[in-house]
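Chemist: Handing you this structure, nothing more for now.
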Amino acid sequence: MSTNLSIENLTVRYGGFTALGGVSLEVPAGSTLGLVGESGSGKSTLARTVAGLIVPDAGVLALGGQPLAARRTRAQRKQIQMVFQNPDASLNPRHSVRRILSEALRFHRVTTDRASTERRCRELLELVRLDGGALDRYPREFSGGQRQRIAIARALSVEPELLIADEPTSALDVSVQRSVLDLLGNIKAQLNLTVLFISHDLGVIHAVSDTVAVMRQGVLVETKPNGEFFAGPDTAYGRELLAAVPRMPAAAPN
Amino acid sequence: MNKRRTDFWKKEHERGQEADERKRGERVGEYRGAAAGDPAGRQAADSGRAAPILEVDNLSLEAADSGAPLVDGVRFSLGRGESLGLVGESGSGKSLTLRAVLGLLPPGVRRAGGEIRQSGRAAMVFQDPRSALDPLCPVVKQVAEVVRYRQKKNRKAARAEALHLLDQLGLPDSLGQEDRYPHQLSGGQCQRIVIALALACRPDVLLCDEPTTALDVTVQRQIVDLLSRLQAELGFALVFVTHNLAVAAEMCSRIAVMQRGRIVEEGPAEDVLTRPRNPYTQMLVDAVLPLPASAGESGGASSDREKEARDEHQFID
């Protein structure tokens with residue numbers, strides 16, 4: 001189950017400020033689009049507009065050929081789920097993991113009775129490699145990486161077709177980042193998701209995405225397949241971004 | 001009439017202050033000379049290495065309530081113009097070590113043992129520039145205030161010095177005509193202001209606590225280049241805390257890797273990163289997601305940076 005996302009001439013203004021100026025993008029079904037750009041370039045605005053959290057001033061969004069209107073149906077909301085940058089802010093500290101996961105399940109009527117909700121929660125935890133005992137614990141009892149896994153489990157609980165990951169690993173340590181990225185990669189392949197992956201870390205983008213899109217000041221500067229972008233970007237800004245990444249000293253030949 | 005008189009007295013007063021300052025400056029100079037001439041310093045100089053400006057010896061910190069060790073037996077020393085990168089994951093005690101040097105331990109943490117010997121001043125650059133600046137005070141005023149108290153200058157001289165510093169850090173001249181509040185500046189500009197605040201203390205040691213973590217790659221590149229340049233010009237010693245190994249490799253000649261409050265490996269940056277001896281260091285190095293070796297090499301870095309500077313001007317004007 002997977003659907004392509006198409007964005008056409010999307011424009012969002014905040015007062016007099018144009019956050020997105022006519023962005024057009026095509027994300028094929030089952031692929032990952034890596035979105036890069038500096039802060040304020042409109043990456044997150046794009047993600048939030050696609051998720052339906054911001055109503056665009058102009059432009060057309062379509063998921064699997066179905067247009068996404070300003071007011072979305074419950075089924076459309078279910079199709080698109082999001083993982084945010086900071087798991088501390090996106091998980092309610094007063095809710096147990098069971099409640100965090102089952103709330104979404106019940107709202108979207110994925111499960112109907114208590115037993116099936118419980119079963120689904122355990123499945124989800126298994127999917128993100130946490131054990132079932134985690135259900136009765138609270139977000140503060142987990143490490144940052146584990147909390148981000150819980151957020152991922154919640155996003156996947158309602159079987160979305162498009163997953164938006166807005167800097168999901170920026171708040172995590174490098175070693176944890178690796179494991180969360182591996183997990184996301186596995187799940188994506190397993191569930192055949194279409195993914196919109198936002199990051200300002202080009203190393204991460206290189207590792208996860210099929211296509212790279214570069215944004216600057218609300219405009220899409222460049223869209224290129226992963227390998228081609230890292231071999232040589234078309235635009236000066238793309239080259240500048242690549243040149244700015246600090247390099248590790250080359251490993252000594254053993 | 002009245003106003004003219006007060007102005008006159010103000011000027012007189014300032015003139016007196018300047019004279020005082022000169023005397024004080026001389027005294028400080030004498031004192032420094034004396035410090036440099038002490039036997040220990042001479043011995044170190046004889047052994048071919050400058051006397052350390054900062055020496056952290058067997059530093060241990062613990063939680064005040066439980067006595068749980070937070071930093072355990074950390075030692076390093078730093079001479080003039082040297083740079084040390086402290087790397088490790090969150091909770092490894094990097095920032096606490098820095099704070100202990102400044103004497104700014106957070107409540108609930110106490111020193112359990114060890115010694116910190118310091119000759120000269122230390123100043124710190126914090127991770128989040130916006131929270132390090134006063135949001136209600138224009139930035140030139142903030143820098144001038146530090147210059148005034150740390151370098152004992154009068155208002156006018158302090159302001160001139162502050163503007164000179166900001167100019168050195170590549171901030172636009174328009175700040176001289178019209179002062180701005182932190183929220184009117186970009187993140188990179190705010191971080192430059194914070195660096196200016198630290199440099200206004202005329203530090204011998206600059207402590208940087210993840211100064212580029214909150215910034216974009218392009219801005220990070222500018223700040224890294226800026227700090228390297230300033231260090232070469234002004235010759236301060238640098239302790240650079242980061243979790244980004246690549247940034248540490250570019251900034252620092254030596255790297256110390258911390259894990260759970262201990263330094264597990266220390267050595268020249270290149271050795272540590274290319275031939276790690278400790279499994280934890282190896283794990284950190286392996287966790288870095290690399291770019292393909294050829295990526296972006298065609299980019300003209302200098303012209304791009306000029307372009308970036310132009311863009312920042314546009315932002316502020």
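Ordering of the structure tokens sets the chain letters (A, B, ...); residue numbers start at 1 within each chain; ligands are numbered from 1 in the order shown.
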Residues of chain B that approach chain A to 6 Å or less, counting only C-alpha atoms: could you list each one with the shortest pair of atoms and its distance in Å to one decimal, rows by chain and increasing residue number, as a Markdown table?

Modeler:
| residue | atom | partner | partner_atom | distance |
| --- | --- | --- | --- | --- |
| B:Glu89 | CA | A:Asp173 | CA | 5.9 |
| B:Asp216 | CA | A:Glu38 | CA | 5.5 |
| B:Val217 | CA | A:Ala244 | CA | 5.9 |
| B:Thr218 | CA | A:Ala244 | CA | 5.2 |
| B:Arg221 | CA | A:Ala244 | CA | 5.4 |
| B:Ala246 | CA | A:Met248 | CA | 4.6 |
| B:Val247 | CA | A:Pro246 | CA | 5.7 |
| B:Thr274 | CA | A:Ala251 | CA | 4.7 |
| B:Ala287 | CA | A:Ser175 | CA | 5.3 |
| B:Leu289 | CA | A:Gly203 | CA | 4.9 |
| B:Pro290 | CA | A:Gly203 | CA | 5.5 |
| B:Leu291 | CA | A:Gly203 | CA | 5.6 |
| B:Ala295 | CA | A:Phe230 | CA | 5.1 |
| B:Gly296 | CA | A:Leu242 | CA | 5.0 |
| B:Gly299 | CA | A:Arg239 | CA | 5.1 |

Chemist: Which one of B:Ala232, B:Val194, B:Leu165, B:Val74 sits closest to Val125 (chain B) if you count only C-alpha atoms?

Modeler: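 Distance minimum relative to Val125 (chain B) lands on B:Val194.
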
Chemist: Report as a list in words: the residues of region 63-143 of chain B with a DSSP assignment of alpha helix (DSSP H), based on the backbone of this structure.

Modeler: Lys94, Ser95, Leu96, Thr97, Leu98, Arg99, Ala100, Val101, Leu102, Pro129, Arg130, Ser131, Ala132, Val139, Val140, Lys141, Gln142 and Val143 of chain B

Chemist: Could those selected residues go to a file with C-alpha atoms, as a short mmCIF file (atom, residue, chain, number, x, y, z; two decimals), in the first residue's frame?

Modeler:
data_model
loop_
_atom_site.label_atom_id
_atom_site.label_comp_id
_atom_site.auth_asym_id
_atom_site.auth_seq_id
_atom_site.Cartn_x
_atom_site.Cartn_y
_atom_site.Cartn_z
CA LYS B 94 31.77 17.58 28.30
CA SER B 95 29.75 20.65 29.19
CA LEU B 96 30.08 20.07 32.95
CA THR B 97 33.87 20.03 32.57
CA LEU B 98 33.73 23.39 30.78
CA ARG B 99 31.41 24.85 33.37
CA ALA B 100 33.70 23.69 36.16
CA VAL B 101 36.54 25.66 34.54
CA LEU B 102 34.42 28.81 34.60
CA PRO B 129 23.07 32.32 20.91
CA ARG B 130 19.55 33.63 21.38
CA SER B 131 19.28 32.47 24.95
CA ALA B 132 22.76 33.79 25.72
CA VAL B 139 23.37 44.09 20.62
CA VAL B 140 26.02 46.82 20.31
CA LYS B 141 24.98 48.02 23.75
CA GLN B 142 25.38 44.50 25.12
CA VAL B 143 28.89 44.16 23.71
#

Chemist: Would you please extract all strand (DSSP E) residues from region 74-265 of chain B, as assigned by DSSP on the backbone, and give them as JSON, numbers by chain?

Modeler: {"B": [74, 75, 76, 77, 78, 79, 83, 84, 85, 86, 87, 109, 110, 111, 112, 113, 114, 115, 116, 117, 118, 122, 123, 124, 125, 205, 206, 207, 208, 209, 237, 238, 239, 240, 241, 242, 254, 255, 256, 257, 258, 259, 262, 263, 264, 265]}

Chemist: Can I get the residues of region 128-199 of chain A within 8 Å of region 47-67 of chain A, each with the closest pair of atoms and their distance in Å to one decimal, using only C-alpha atoms, sorted chain first then ascending number, as a Markdown table?

Modeler:
| residue | atom | partner | partner_atom | distance |
| --- | --- | --- | --- | --- |
| A:Ile164 | CA | A:Ala47 | CA | 6.7 |
| A:Asp166 | CA | A:Ala47 | CA | 7.3 |
| A:Leu196 | CA | A:Ala47 | CA | 7.8 |

Chemist: Deliver the residues from the most recent selection as a file, using C-alpha atoms, as a PDB file, in the first residue's frame.

Modeler:
ATOM      1  CA  ILE A 164       6.755  12.932   6.939  1.00  0.00           C
ATOM      2  CA  ASP A 166      10.831  16.525  10.064  1.00  0.00           C
ATOM      3  CA  LEU A 196       9.272  12.958   2.890  1.00  0.00           C
TER       4      LEU A 196
END

Chemist: Of the residues A:Glu8, A:Arg147, A:Gly15, A:Ser44, which is the one nearest to Pro93 (chain A), using only C-alpha atoms?

Modeler: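 When distances to Pro93 (chain A) are compared using only C-alpha atoms, the smallest one comes from A:Arg147.
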
Chemist: Just how far from CA of Arg254 (chain B) is CA of Ala123 (chain B), in Å to one decimal?

Modeler: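 The value is 20.0 Å.
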
Chemist: Given the choices B:Ile193, B:Met258, B:Ala237, B:Val285, which gets closest to Leu86 (chain B) if the distance is worked out from only C-alpha atoms?

Modeler: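 Using only C-alpha atoms, Leu86 (chain B) sits closest to B:Met258.
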
Chemist: One decimal, Å: what's the distance from CA of Leu162 (chain A) over to CA of Lys78 (chain A), could you say?

Modeler: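 It comes out at 9.4 Å.
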